[in-house]
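Shown next: input.txt, given as compact mmCIF, C-alpha atoms.
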```
# COMPACT_ATOMS: atom_id res chain seq x y z
CA ASP A 783 -12.05 -9.83 4.06
CA ALA A 784 -13.55 -9.51 0.60
CA LYS A 785 -11.09 -10.35 -2.17
CA THR A 786 -10.41 -8.84 -5.55
CA THR A 787 -9.41 -10.52 -8.80
CA GLN A 788 -7.28 -8.76 -11.39
CA PRO A 789 -5.53 -9.90 -14.56
CA ASN A 790 -1.86 -10.65 -13.95
CA SER A 791 -0.69 -8.32 -16.69
CA MET A 792 -1.86 -5.93 -19.37
CA GLU A 793 -0.15 -4.03 -22.15
CA SER A 794 -0.88 -0.71 -23.73
CA ASN A 795 0.61 1.72 -26.17
CA GLU A 796 1.62 5.19 -25.18
CA GLU A 797 -1.11 7.84 -25.44
CA GLU A 798 -3.85 5.23 -25.70
CA PRO A 799 -6.51 4.68 -23.03
CA VAL A 800 -6.10 1.79 -20.63
CA HIS A 801 -8.91 -0.02 -18.87
CA LEU A 802 -7.80 -2.07 -15.89
CA PRO A 803 -10.55 -4.41 -14.64
CA CYS A 804 -11.15 -5.65 -11.13
CA ASN A 805 -13.71 -8.17 -9.90
CA HIS A 806 -14.92 -8.05 -6.32
CA SER A 807 -18.03 -10.19 -6.25
CA THR A 808 -18.05 -10.56 -2.44
CA ILE A 809 -17.90 -6.83 -1.74
CA SER A 810 -20.03 -5.67 1.16
CA GLY A 811 -22.13 -2.55 1.28
CA THR A 812 -19.63 -0.54 3.30
CA ASP A 813 -16.46 -1.53 1.45
CA TYR A 814 -14.65 1.21 -0.43
CA ILE A 815 -12.85 0.39 -3.68
CA HIS A 816 -9.31 1.76 -3.67
CA TRP A 817 -6.70 1.72 -6.39
CA TYR A 818 -2.99 2.12 -5.74
CA ARG A 819 -0.03 1.70 -8.04
CA GLN A 820 3.56 0.81 -7.32
CA LEU A 821 6.64 1.53 -9.36
CA PRO A 822 9.69 -0.72 -8.88
CA SER A 823 11.47 -0.21 -5.56
CA GLN A 824 9.00 2.45 -4.44
CA GLY A 825 6.10 2.58 -2.03
CA PRO A 826 2.57 2.39 -3.44
CA GLU A 827 0.95 5.57 -4.65
CA TYR A 828 -2.73 6.36 -4.13
CA VAL A 829 -4.60 6.60 -7.42
CA ILE A 830 -8.31 6.85 -6.74
CA HIS A 831 -11.12 5.44 -4.64
CA GLY A 832 -14.89 5.19 -4.73
CA LEU A 833 -17.90 3.69 -3.04
CA THR A 834 -20.84 3.60 -5.46
CA SER A 835 -20.57 6.38 -8.01
CA ASN A 836 -18.00 6.80 -10.75
CA VAL A 837 -15.11 9.02 -9.77
CA ASN A 838 -12.67 11.20 -11.66
CA ASN A 839 -9.45 12.85 -10.58
CA ARG A 840 -6.37 14.21 -12.28
CA MET A 841 -4.77 10.79 -12.47
CA ALA A 842 -7.58 8.50 -13.56
CA SER A 843 -11.25 7.62 -13.59
CA LEU A 844 -12.96 4.86 -11.68
CA ALA A 845 -16.02 3.22 -13.15
CA ILE A 846 -18.02 1.13 -10.67
CA ALA A 847 -20.60 -1.38 -11.83
CA GLU A 848 -24.13 -0.81 -10.66
CA ASP A 849 -24.07 -3.98 -8.55
CA ARG A 850 -20.57 -3.02 -7.28
CA LYS A 851 -19.24 -6.48 -8.05
CA SER A 852 -16.66 -5.08 -10.44
CA SER A 853 -14.88 -1.86 -11.25
CA THR A 854 -12.55 -0.49 -13.90
CA LEU A 855 -9.67 1.91 -13.53
CA ILE A 856 -9.33 4.08 -16.60
CA LEU A 857 -6.12 5.83 -17.56
CA HIS A 858 -7.23 8.15 -20.32
CA ARG A 859 -3.87 8.51 -22.05
CA ALA A 860 -1.17 6.13 -20.92
CA THR A 861 2.37 7.41 -20.62
CA LEU A 862 5.59 5.51 -20.03
CA ARG A 863 5.48 6.74 -16.44
CA ASP A 864 2.21 4.87 -15.93
CA ALA A 865 3.99 1.53 -16.21
CA ALA A 866 3.56 0.01 -12.77
CA VAL A 867 1.76 -2.64 -10.76
CA TYR A 868 -1.83 -1.56 -10.16
CA TYR A 869 -3.62 -2.83 -7.10
CA CYS A 870 -7.38 -2.90 -6.67
CA ILE A 871 -8.18 -3.14 -2.97
CA LEU A 872 -11.34 -3.21 -0.91
CA ARG A 873 -11.10 -1.13 2.23
CA VAL A 874 -13.49 -2.02 5.00
CA GLY A 875 -15.74 0.87 5.87
CA ALA A 876 -16.28 2.30 9.32
CA GLY A 877 -17.52 -0.21 11.85
CA GLY A 878 -15.89 -3.25 10.29
CA THR A 879 -13.48 -5.28 12.36
CA SER A 880 -10.72 -4.66 9.84
CA TYR A 881 -11.52 -0.99 9.49
CA GLY A 882 -8.89 0.94 7.59
CA LYS A 883 -6.73 -2.04 6.67
CA LEU A 884 -5.69 -2.60 3.08
CA THR A 885 -5.11 -6.16 1.90
CA PHE A 886 -2.98 -6.17 -1.23
CA GLY A 887 -3.48 -8.85 -3.88
CA GLN A 888 -1.05 -9.58 -6.68
CA GLY A 889 -2.20 -6.66 -8.80
CA THR A 890 -1.91 -6.09 -12.54
CA ILE A 891 1.45 -5.38 -14.13
CA LEU A 892 0.88 -2.69 -16.72
CA THR A 893 3.41 -2.42 -19.51
CA VAL A 894 3.28 0.69 -21.70
CA HIS A 895 4.94 0.52 -25.11
CA PRO A 896 6.36 3.66 -26.72
CA GLY B 1380 0.72 17.46 0.76
CA ALA B 1381 0.38 14.10 2.53
CA VAL B 1382 4.02 13.10 2.38
CA VAL B 1383 5.42 10.15 4.29
CA SER B 1384 9.15 9.66 4.66
CA GLN B 1385 11.20 6.69 5.76
CA HIS B 1386 14.71 6.52 7.08
CA PRO B 1387 16.97 4.95 6.13
CA SER B 1388 16.15 4.21 2.51
CA TRP B 1389 18.43 1.21 2.63
CA VAL B 1390 20.47 -0.54 5.30
CA ILE B 1391 22.85 -3.49 5.44
CA CYS B 1392 23.38 -5.15 8.78
CA LYS B 1393 25.02 -8.26 10.12
CA SER B 1394 23.08 -11.25 11.31
CA GLY B 1395 22.16 -10.97 14.97
CA THR B 1396 22.09 -7.19 15.13
CA SER B 1397 19.03 -4.94 15.41
CA VAL B 1398 17.90 -2.33 12.94
CA LYS B 1399 15.50 0.56 13.47
CA ILE B 1400 13.44 2.04 10.64
CA GLU B 1401 11.65 5.37 11.04
CA CYS B 1402 8.42 6.42 9.39
CA ARG B 1403 7.34 10.05 9.53
CA SER B 1404 4.28 11.89 8.28
CA LEU B 1405 5.73 15.23 7.22
CA ASP B 1406 2.69 17.45 6.77
CA PHE B 1407 -0.18 15.78 8.55
CA GLN B 1408 -0.95 14.03 11.79
CA ALA B 1409 -1.26 10.29 11.42
CA THR B 1410 -3.58 8.65 13.88
CA THR B 1411 -2.76 5.26 12.43
CA MET B 1412 0.34 3.90 10.74
CA PHE B 1413 0.78 0.58 9.04
CA TRP B 1414 3.90 -1.49 8.41
CA TYR B 1415 4.21 -3.76 5.39
CA ARG B 1416 6.86 -6.14 4.14
CA GLN B 1417 7.44 -6.97 0.49
CA PHE B 1418 9.65 -9.77 -0.83
CA PRO B 1419 10.95 -9.66 -4.41
CA LYS B 1420 8.24 -10.08 -7.05
CA GLN B 1421 5.58 -10.44 -4.37
CA SER B 1422 2.82 -8.18 -3.13
CA LEU B 1423 2.82 -6.17 0.07
CA MET B 1424 2.01 -8.06 3.25
CA LEU B 1425 0.65 -6.14 6.20
CA MET B 1426 2.71 -6.77 9.32
CA ALA B 1427 1.07 -4.57 11.90
CA THR B 1428 -1.16 -1.61 12.60
CA SER B 1429 -0.12 1.01 15.10
CA ASN B 1430 -2.17 3.76 16.67
CA GLU B 1431 -0.52 6.68 18.40
CA GLY B 1432 -0.04 6.03 22.09
CA SER B 1433 -1.16 2.42 22.09
CA LYS B 1434 0.30 -0.99 21.41
CA ALA B 1435 0.55 -2.19 17.85
CA THR B 1436 -1.75 -4.88 16.52
CA TYR B 1437 0.18 -7.56 14.69
CA GLU B 1438 -1.08 -9.72 11.85
CA GLN B 1439 -1.19 -13.44 12.30
CA GLY B 1440 2.23 -15.02 11.91
CA VAL B 1441 4.20 -11.84 12.63
CA GLU B 1442 6.40 -12.11 15.72
CA LYS B 1443 5.77 -9.08 17.89
CA ASP B 1444 8.95 -9.66 19.90
CA LYS B 1445 11.02 -9.65 16.75
CA PHE B 1446 9.39 -6.70 15.03
CA LEU B 1447 9.02 -3.99 17.67
CA ILE B 1448 6.77 -1.12 16.71
CA ASN B 1449 6.55 2.18 18.54
CA HIS B 1450 4.14 4.94 17.59
CA ALA B 1451 5.22 7.59 20.04
CA SER B 1452 3.73 10.62 18.34
CA LEU B 1453 1.22 11.56 15.65
CA THR B 1454 4.03 11.98 13.14
CA LEU B 1455 6.47 9.19 13.96
CA SER B 1456 6.40 5.42 14.07
CA THR B 1457 9.41 3.14 14.28
CA LEU B 1458 9.94 -0.49 13.38
CA THR B 1459 12.85 -2.28 15.01
CA VAL B 1460 13.91 -5.61 13.58
CA THR B 1461 15.62 -7.36 16.47
CA SER B 1462 18.26 -10.07 16.07
CA ALA B 1463 17.97 -9.83 12.32
CA HIS B 1464 18.61 -12.87 10.15
CA PRO B 1465 19.10 -13.17 6.39
CA GLU B 1466 15.47 -14.26 5.95
CA ASP B 1467 14.42 -10.84 7.31
CA SER B 1468 15.97 -9.21 4.27
CA SER B 1469 13.09 -7.48 2.55
CA PHE B 1470 11.55 -4.18 1.49
CA TYR B 1471 9.78 -2.60 4.45
CA ILE B 1472 7.12 0.01 3.71
CA CYS B 1473 5.10 2.12 6.07
CA SER B 1474 1.88 4.00 5.45
CA ALA B 1475 -0.05 6.57 7.39
CA THR B 1476 -3.62 7.73 7.51
CA THR B 1477 -5.34 10.64 9.17
CA GLY B 1478 -8.26 8.44 10.08
CA LYS B 1479 -10.58 10.93 8.41
CA VAL B 1480 -12.55 10.87 5.19
CA PRO B 1481 -11.52 9.76 2.58
CA TYR B 1482 -9.27 7.47 4.63
CA GLU B 1483 -6.65 6.87 2.00
CA GLN B 1484 -3.26 5.65 3.12
CA TYR B 1485 -0.13 7.55 2.19
CA PHE B 1486 2.86 5.34 1.70
CA GLY B 1487 6.50 5.95 2.42
CA PRO B 1488 9.19 5.22 -0.17
CA GLY B 1489 10.25 2.03 1.56
CA THR B 1490 13.42 0.77 3.27
CA ARG B 1491 15.52 -1.98 1.73
CA LEU B 1492 16.97 -4.18 4.50
CA THR B 1493 19.75 -6.62 3.70
CA VAL B 1494 21.00 -8.90 6.45
CA THR B 1495 24.35 -10.54 5.78
```

When written as structure tokens, how does the structure in this file appear?
Amino acid sequence: DAKTTQPNSMESNEEEPVHLPCNHSTISGTDYIHWYRQLPSQGPEYVIHGLTSNVNNRMASLAIAEDRKSSTLILHRATLRDAAVYYCILRVGAGGTSYGKLTFGQGTILTVHP
Amino acid sequence: GAVVSQHPSWVICKSGTSVKIECRSLDFQATTMFWYRQFPKQSLMLMATSNEGSKATYEQGVEKDKFLINHASLTLSTLTVTSAHPEDSSFYICSATTGKVPYEQYFGPGTRLTVT
């Protein structure tokens, strides 16, 4: 399975934008890029996903590099409730032997300062 | 929408006993459910994948006779930890997917198991 690389931790101030990077240089053409976040003692929460084009939803934006070897999760205005571990995961597309499975890495611990 | 529940949220059991954890998709039919385990300050580790009506597929290193998974309906999967030992103490999390576009997984809140 293709792997992702994320910084161990990042810090931000409240109400400022946050850009969380993710490298996935071995991504294959059918792999989807998913982002989840996890608050302490809770299950992960879906944030956003994309394949090739940039994506926006009410929670965040996902910017995908043209060669798809990296992506960036953008939180436009961080709040204290955004403090969590953010996971960037490649999900194998249809037809892959690991179809549907998510392999979690260590993620990025985001700290938001008031 | 897309809510997944787990029961119980926490459980304490004695070594050698068995514990059953339920995972339910409340407002959608889940063709596939996944079970994860998470130790303190570590990431989630996939234990097994279960499809409704068929046997679960276990990840390498996960004992299928110790962690029994049943996916009897499109809204319910259970994980039974048999003959639990203190090293099985962990945070167990399930997820469910409809198997349709966009294929995201919806996670339950997790179950904290402590074996004494």

Exercise for review: Between A:Val829, A:Leu855, A:Leu844, A:Met792, single out the one closest to chain B, counting all atoms listed in the file.
Suggested key: A:Val829

Practice item. Please work out which residues fall within 7 Å of (-4.7, 4.4, -7.8), coordinates as given in the file, with only C-alpha atoms counting, and return them as a VMD selection string. Key: chain A and resid 816 to 819 827 to 830

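Selecting chain B residues within 9 Å of chain A and counting all atoms listed in the file yields Thr1411, Phe1413, Gln1421, Ser1422, Leu1423, Met1424, Leu1425, Thr1428, Phe1470, Ile1472, Cys1473, Ser1474, Thr1476, Gly1478, Pro1481, Tyr1482, Glu1483, Gln1484, Tyr1485, Phe1486, Gly1487, Pro1488, Gly1489 and Arg1491 of chain B.
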
Review point. How many Å separate CA of Thr1410 in chain B from CA of Met1426 in chain B?
Key: 17.3 Å

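Going from CA of Ser1404 in chain B to CA of Leu892 in chain A covers 29.1 Å.
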
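Using all atoms listed in the file, the residues found no farther than 8 Å from range 800-804 of chain A, other than those of its own chain fewer than 5 positions away, are Thr786, Thr787, Gln788, Pro789, Met792, Ser794, Ser852, Ser853, Thr854, Leu855, Ile856, Leu857, His858, Arg859, Ala860, Cys870 and Thr890 of chain A.
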
Serialized selection, C-alpha atoms, as an mmCIF file, keeping the file's coordinate frame:
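Output contents, as saved in again28.cif:
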```
data_model
loop_
_atom_site.group_PDB
_atom_site.id
_atom_site.type_symbol
_atom_site.label_atom_id
_atom_site.label_comp_id
_atom_site.auth_asym_id
_atom_site.auth_seq_id
_atom_site.Cartn_x
_atom_site.Cartn_y
_atom_site.Cartn_z
ATOM 1 C CA THR A 786 -10.410 -8.840 -5.550
ATOM 2 C CA THR A 787 -9.410 -10.520 -8.800
ATOM 3 C CA GLN A 788 -7.280 -8.760 -11.390
ATOM 4 C CA PRO A 789 -5.530 -9.900 -14.560
ATOM 5 C CA MET A 792 -1.860 -5.930 -19.370
ATOM 6 C CA SER A 794 -0.880 -0.710 -23.730
ATOM 7 C CA SER A 852 -16.660 -5.080 -10.440
ATOM 8 C CA SER A 853 -14.880 -1.860 -11.250
ATOM 9 C CA THR A 854 -12.550 -0.490 -13.900
ATOM 10 C CA LEU A 855 -9.670 1.910 -13.530
ATOM 11 C CA ILE A 856 -9.330 4.080 -16.600
ATOM 12 C CA LEU A 857 -6.120 5.830 -17.560
ATOM 13 C CA HIS A 858 -7.230 8.150 -20.320
ATOM 14 C CA ARG A 859 -3.870 8.510 -22.050
ATOM 15 C CA ALA A 860 -1.170 6.130 -20.920
ATOM 16 C CA CYS A 870 -7.380 -2.900 -6.670
ATOM 17 C CA THR A 890 -1.910 -6.090 -12.540
#
```

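Of the residues under consideration (B:Val1441, B:Ala1451, B:Leu1492, B:Ala1427), B:Leu1492 shows the shortest atom-to-atom contact distance to His1464 in chain B when counting all atoms listed in the file.
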
Review point. Quick one: of B:Val1398, B:Ala1435, B:Leu1405, B:Met1412, who's nearest to Ser1462 in chain B, counting only C-alpha atoms?
Key: B:Val1398

Point to revise | Sel. within 7 Å of pt (-0.1, 13.6, 7.9), counting all atoms listed in the file, output as a PyMOL selection string | key: chain B and resi 1381-1382+1404-1409+1454+1476-1477

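Taking CA of Phe1446 in chain B and CA of Glu1466 in chain B as endpoints, the distance between them is 13.3 Å.
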
Point to revise | Residues near Gly811 in chain A, cut-off 10 Å, only C-alpha atoms, skip fewer than 4 positions along chain, as a ChimeraX atom specification | key: /A:833-834,850,874-875

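Proximity ranking of A:Ile891, A:Ala842, A:Ile809, A:Ile815 relative to Tyr868 in chain A places A:Ile891 first, based on all atoms listed in the file.
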